[in-house]
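structure15.pdb follows (PDB, C-alpha atoms):
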ATOM      1  CA  MET V   1      90.880  98.640  -1.975
ATOM      2  CA  ILE V   2      91.079  99.550  -5.660
ATOM      3  CA  GLN V   3      87.661 100.008  -7.166
ATOM      4  CA  THR V   4      87.114  98.900 -10.748
ATOM      5  CA  TYR V   5      84.874 100.881 -13.018
ATOM      6  CA  ALA V   6      84.668  98.310 -15.814
ATOM      7  CA  SER V   7      80.940  97.817 -15.284
ATOM      8  CA  TYR V   8      80.146 101.547 -15.236
ATOM      9  CA  SER V   9      78.564 103.228 -18.236
ATOM     10  CA  ASP V  10      80.571 105.746 -20.243
ATOM     11  CA  VAL V  11      78.319 108.554 -19.024
ATOM     12  CA  ARG V  12      78.882 107.562 -15.399
ATOM     13  CA  LEU V  13      82.646 107.422 -15.970
ATOM     14  CA  TYR V  14      82.554 110.841 -17.626
ATOM     15  CA  THR V  15      80.733 112.213 -14.595
ATOM     16  CA  LEU V  16      83.366 110.660 -12.310
ATOM     17  CA  LEU V  17      86.027 112.695 -14.149
ATOM     18  CA  GLN V  18      84.720 115.596 -12.079
ATOM     19  CA  GLY V  19      85.565 113.806  -8.801
ATOM     20  CA  GLY V  20      88.664 113.439  -6.679
ATOM     21  CA  ALA V  21      92.107 112.647  -8.084
ATOM     22  CA  ARG V  22      91.972 108.866  -7.578
ATOM     23  CA  GLU V  23      88.400 108.567  -8.844
ATOM     24  CA  LYS V  24      89.249 110.745 -11.832
ATOM     25  CA  GLU V  25      92.346 108.673 -12.644
ATOM     26  CA  VAL V  26      90.524 105.330 -12.587
ATOM     27  CA  ALA V  27      87.533 106.677 -14.552
ATOM     28  CA  PHE V  28      89.835 108.213 -17.167
ATOM     29  CA  SER V  29      91.837 104.980 -17.443
ATOM     30  CA  GLU V  30      88.662 103.005 -18.080
ATOM     31  CA  LEU V  31      87.387 105.446 -20.727
ATOM     32  CA  TYR V  32      90.816 105.430 -22.362
ATOM     33  CA  ARG V  33      90.908 101.626 -22.349
ATOM     34  CA  ARG V  34      87.486 101.469 -23.999
ATOM     35  CA  HIS V  35      87.873 104.125 -26.660
ATOM     36  CA  SER V  36      91.522 104.982 -27.329
ATOM     37  CA  SER V  37      92.059 102.539 -30.193
ATOM     38  CA  ARG V  38      88.962 103.777 -32.048
ATOM     39  CA  ILE V  39      89.968 107.404 -31.610
ATOM     40  CA  PHE V  40      93.559 106.761 -32.665
ATOM     41  CA  LEU V  41      92.467 104.798 -35.743
ATOM     42  CA  TYR V  42      90.094 107.591 -36.710
ATOM     43  CA  CYS V  43      92.866 110.193 -36.439
ATOM     44  CA  ARG V  44      95.297 107.958 -38.301
ATOM     45  CA  TYR V  45      92.943 107.284 -41.187
ATOM     46  CA  ILE V  46      91.983 110.940 -41.485
ATOM     47  CA  LEU V  47      95.457 112.474 -41.070
ATOM     48  CA  GLY V  48      97.732 109.585 -42.061
ATOM     49  CA  GLU V  49     100.948 108.541 -40.333
ATOM     50  CA  THR V  50     102.049 111.923 -39.041
ATOM     51  CA  ASP V  51     103.041 113.600 -35.814
ATOM     52  CA  ASN V  52      99.746 115.461 -36.159
ATOM     53  CA  THR V  53      97.933 112.168 -35.659
ATOM     54  CA  ARG V  54      99.488 111.649 -32.250
ATOM     55  CA  ASP V  55      99.043 115.302 -31.330
ATOM     56  CA  VAL V  56      95.353 115.284 -32.238
ATOM     57  CA  PHE V  57      94.859 111.996 -30.411
ATOM     58  CA  GLN V  58      96.394 113.410 -27.223
ATOM     59  CA  GLU V  59      94.567 116.717 -27.535
ATOM     60  CA  THR V  60      91.268 114.836 -27.864
ATOM     61  CA  TRP V  61      91.777 113.265 -24.438
ATOM     62  CA  LEU V  62      92.875 116.573 -22.899
ATOM     63  CA  ARG V  63      89.732 118.240 -24.213
ATOM     64  CA  LEU V  64      87.600 115.455 -22.775
ATOM     65  CA  LEU V  65      89.130 116.133 -19.352
ATOM     66  CA  GLN V  66      88.648 119.885 -19.766
ATOM     67  CA  SER V  67      84.997 119.449 -20.681
ATOM     68  CA  ALA V  68      84.444 117.279 -17.593
ATOM     69  CA  GLU V  69      86.103 119.935 -15.430
ATOM     70  CA  GLN V  70      83.730 122.510 -16.945
ATOM     71  CA  ARG V  71      80.888 120.161 -15.988
ATOM     72  CA  ARG V  72      79.665 119.952 -19.580
ATOM     73  CA  GLU V  73      76.872 117.408 -19.974
ATOM     74  CA  VAL V  74      77.674 114.533 -22.339
ATOM     75  CA  GLN V  75      75.223 111.728 -23.108
ATOM     76  CA  ASN V  76      77.255 109.807 -25.705
ATOM     77  CA  VAL V  77      80.939 109.729 -24.766
ATOM     78  CA  PRO V  78      82.253 107.825 -27.846
ATOM     79  CA  ALA V  79      80.442 110.217 -30.182
ATOM     80  CA  TYR V  80      81.710 113.179 -28.187
ATOM     81  CA  LEU V  81      85.292 111.911 -28.421
ATOM     82  CA  LEU V  82      84.929 111.404 -32.175
ATOM     83  CA  ARG V  83      83.463 114.886 -32.576
ATOM     84  CA  ILE V  84      86.408 116.394 -30.683
ATOM     85  CA  SER V  85      88.943 114.465 -32.771
ATOM     86  CA  ARG V  86      87.075 115.288 -35.976
ATOM     87  CA  ASN V  87      87.148 119.007 -35.231
ATOM     88  CA  LEU V  88      90.844 118.835 -34.346
ATOM     89  CA  CYS V  89      91.585 116.907 -37.565
ATOM     90  CA  LEU V  90      89.710 119.522 -39.583
ATOM     91  CA  ASP V  91      91.735 122.261 -37.858
ATOM     92  CA  VAL V  92      95.000 120.508 -38.755
ATOM     93  CA  GLN V  93      93.911 120.063 -42.359
ATOM     94  CA  GLN V  94      92.826 123.674 -42.610
ATOM     95  CA  ALA V  95      96.057 124.958 -41.038
ATOM     96  CA  SER V  96      98.204 122.901 -43.390
ATOM     97  CA  GLY V  97      96.245 124.100 -46.393
ATOM     98  CA  ARG V  98      96.484 120.722 -48.019
ATOM     99  CA  ARG V  99      93.993 118.093 -48.947
ATOM    100  CA  VAL V 100      94.731 114.740 -47.396
ATOM    101  CA  PHE V 101      93.405 112.587 -50.232
ATOM    102  CA  LEU V 102      95.182 111.658 -53.436
ATOM    103  CA  PRO V 103      93.579 111.855 -56.859
ATOM    104  CA  LEU V 104      93.039 108.410 -58.352
ATOM    105  CA  ASP V 105      95.581 108.995 -61.114
ATOM    106  CA  GLU V 106      98.327 109.730 -58.535
ATOM    107  CA  LEU V 107      97.763 106.516 -56.602
ATOM    108  CA  GLN V 108     101.000 104.603 -56.036
ATOM    109  CA  LEU V 109     100.116 101.153 -54.753
ATOM    110  CA  PRO V 110     102.940  98.804 -53.814
ATOM    111  CA  ALA V 111     103.437  96.142 -56.475
ATOM    112  CA  GLU V 112     106.387  94.036 -55.356
ATOM    113  CA  GLU V 113     104.752  90.745 -56.315
ATOM    114  CA  PRO V 114     101.599  89.948 -58.256
ATOM    115  CA  ALA V 115      99.922  88.195 -55.327
ATOM    116  CA  VAL V 116      98.677  90.215 -52.391
ATOM    117  CA  ARG V 117      99.750  88.827 -49.053
ATOM    118  CA  VAL V 118      97.700  89.323 -45.920
ATOM    119  CA  GLY V 119     100.131  91.926 -44.555
ATOM    120  CA  GLU V 120     100.046  93.820 -47.825
ATOM    121  CA  LEU V 121      96.260  93.959 -47.855
ATOM    122  CA  GLU V 122      96.231  96.437 -44.994
ATOM    123  CA  THR V 123      98.733  98.636 -46.843
ATOM    124  CA  LEU V 124      96.616  98.444 -49.994
ATOM    125  CA  ILE V 125      93.486  99.456 -48.095
ATOM    126  CA  GLU V 126      95.240 102.344 -46.355
ATOM    127  CA  THR V 127      96.623 103.559 -49.671
ATOM    128  CA  ALA V 128      93.221 103.199 -51.328
ATOM    129  CA  LEU V 129      91.653 105.235 -48.521
ATOM    130  CA  GLU V 130      93.929 108.109 -49.500
ATOM    131  CA  THR V 131      92.146 108.292 -52.868
ATOM    132  CA  LEU V 132      88.843 109.162 -51.223
ATOM    133  CA  THR V 133      87.711 112.708 -50.590
ATOM    134  CA  GLU V 134      87.771 113.757 -46.946
ATOM    135  CA  GLU V 135      83.996 113.414 -46.630
ATOM    136  CA  TYR V 136      83.868 109.906 -48.072
ATOM    137  CA  ARG V 137      86.891 108.699 -46.110
ATOM    138  CA  GLU V 138      85.541 110.057 -42.840
ATOM    139  CA  ALA V 139      82.114 108.434 -43.268
ATOM    140  CA  PHE V 140      83.721 105.124 -44.287
ATOM    141  CA  VAL V 141      86.173 105.132 -41.364
ATOM    142  CA  LEU V 142      83.476 105.987 -38.838
ATOM    143  CA  GLN V 143      81.278 103.152 -40.063
ATOM    144  CA  THR V 144      83.865 100.479 -40.820
ATOM    145  CA  TYR V 145      86.532 101.028 -38.203
ATOM    146  CA  ASN V 146      84.413 102.561 -35.452
ATOM    147  CA  GLY V 147      81.279 100.496 -36.004
ATOM    148  CA  LEU V 148      78.939 103.471 -35.944
ATOM    149  CA  SER V 149      75.489 103.517 -37.502
ATOM    150  CA  TYR V 150      74.492 106.045 -40.156
ATOM    151  CA  LYS V 151      72.493 107.911 -37.510
ATOM    152  CA  GLU V 152      75.458 108.100 -35.118
ATOM    153  CA  ILE V 153      77.738 109.324 -37.903
ATOM    154  CA  ALA V 154      75.148 111.919 -38.915
ATOM    155  CA  GLU V 155      75.111 113.262 -35.361
ATOM    156  CA  ILE V 156      78.901 113.493 -35.227
ATOM    157  CA  ILE V 157      79.438 115.200 -38.577
ATOM    158  CA  GLU V 158      76.166 117.142 -38.382
ATOM    159  CA  GLU V 159      74.826 116.006 -41.744
ATOM    160  CA  PRO V 160      71.561 114.251 -42.682
ATOM    161  CA  VAL V 161      71.476 110.446 -42.483
ATOM    162  CA  SER V 162      70.853 110.264 -46.239
ATOM    163  CA  THR V 163      74.058 112.198 -46.900
ATOM    164  CA  VAL V 164      76.019 109.862 -44.634
ATOM    165  CA  ARG V 165      74.542 106.791 -46.326
ATOM    166  CA  ASN V 166      75.451 108.159 -49.766
ATOM    167  CA  ARG V 167      79.011 108.919 -48.681
ATOM    168  CA  VAL V 168      79.539 105.440 -47.229
ATOM    169  CA  VAL V 169      78.074 103.720 -50.284
ATOM    170  CA  ARG V 170      80.152 105.837 -52.666
ATOM    171  CA  ALA V 171      83.296 105.316 -50.589
ATOM    172  CA  LYS V 172      82.836 101.548 -50.681
ATOM    173  CA  SER V 173      82.206 101.649 -54.414
ATOM    174  CA  LYS V 174      85.361 103.687 -55.050
ATOM    175  CA  LEU V 175      87.430 101.431 -52.785
ATOM    176  CA  ARG V 176      86.150  98.347 -54.611
ATOM    177  CA  ALA V 177      87.111  99.904 -57.942
ATOM    178  CA  VAL V 178      90.621 100.736 -56.708
ATOM    179  CA  LEU V 179      91.251  97.420 -54.948
ATOM    180  CA  ALA V 180      89.537  95.046 -57.407
ATOM    181  CA  PRO V 181      92.482  94.615 -59.800
ATOM    182  CA  PHE V 182      94.844  93.743 -56.946
ATOM    183  CA  LEU V 183      92.445  91.348 -55.267
ATOM    184  CA  LEU V 184      91.485  89.662 -58.549
ATOM    185  CA  GLU V 185      95.160  89.254 -59.389
ATOM    186  CA  ALA V 186      95.804  87.704 -55.967
ATOM    187  CA  ASN V 187      92.936  85.238 -56.365
ATOM    188  CA  ALA V 188      94.021  84.299 -59.882
ATOM    189  CA  SER V 189      97.559  83.477 -58.737
ATOM    190  CA  ARG V 190      96.389  81.038 -56.037
TER     191      ARG V 190
END
Turn the structure described in the file into structure tokens.
Amino acid sequence: MIQTYASYSDVRLYTLLQGGAREKEVAFSELYRRHSSRIFLYCRYILGETDNTRDVFQETWLRLLQSAEQRREVQNVPAYLLRISRNLCLDVQQASGRRVFLPLDELQLPAEEPAVRVGELETLIETALETLTEEYREAFVLQTYNGLSYKEIAEIIEEPVSTVRNRVVRAKSKLRAVLAPFLLEANASR
């Protein structure tokens, strides 16, 4: 009989990663099902479309397994996963010696047609995200794409809640400024 762990809490599943092979496999599969898309999106928005994104994503899950094997206590599994991926992303950025954001004056947004189609909107947003500093982009991604509260973000990045709030507000303001001309143009052409 295959046991399903869908109703188990993340903390319980994390604890089960310390069990036997079958128990570990099912618990890991459930945690992966719940959190993999959020972790991958975080890595992708921080590092961009690179091989590093996939490497960091995979390494995040390996480190989760290693921490369970070391019997490390974890009370908030999603936050722990994001902290692991954040630290790995920072390592990649530091090793490459490059900043991942583009200055506003170097922004190259696609402009094939005056109207923005639904599919193009995602590309515009991703390109606009590249104009943000690392700190602003990270806070914005954690809140918008991962649905975290200011307090949860503050715990992950180890900054005060007020700093997180300021970064999110400033990120949204900068994104609005970058995207406004394209969105206004799209609405005017309808």
With all atoms listed in the file as the counted atoms, please give the residues lying no more than 9 Å from His35 (chain V), apart from itself and same-chain residues fewer than 5 positions off, as a ChimeraX atom specification. /V:30,40,78,81
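Evaluated against the shown file, the PyMOL selection byres ((chain V and resi 68-71) around 9) gives V:Tyr14, V:Thr15, V:Leu16, V:Leu17, V:Gln18, V:Arg63, V:Leu64, V:Leu65, V:Gln66, V:Ser67, V:Arg72, V:Glu73, V:Val74.
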Which is closer to Ala6 (chain V) than all the others in V:Ala27, V:Ile39, V:Val92, V:Val164, using only C-alpha atoms? V:Ala27
Quick one: pull the distance between CA of Arg176 (chain V) and CA of Phe140 (chain V), Å, one decimal.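 Atom-to-atom, CA of Arg176 (chain V) and CA of Phe140 (chain V) are spaced 12.6 Å apart.
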Evaluate the PyMOL selection byres ((chain V and resi 146-151) around 10) and record the selected residues as a PyMOL selection string, following the chain and residue labels used in the document. chain V and resi 35+37-39+41-42+78-79+82+139-145+152-156+158-166+168
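Going from CA of Glu135 (chain V) to CA of Tyr32 (chain V) covers 26.4 Å.
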Please report the interatomic distance between CA of Ser9 (chain V) and CA of Glu25 (chain V) in Å with one decimal. 15.8 Å
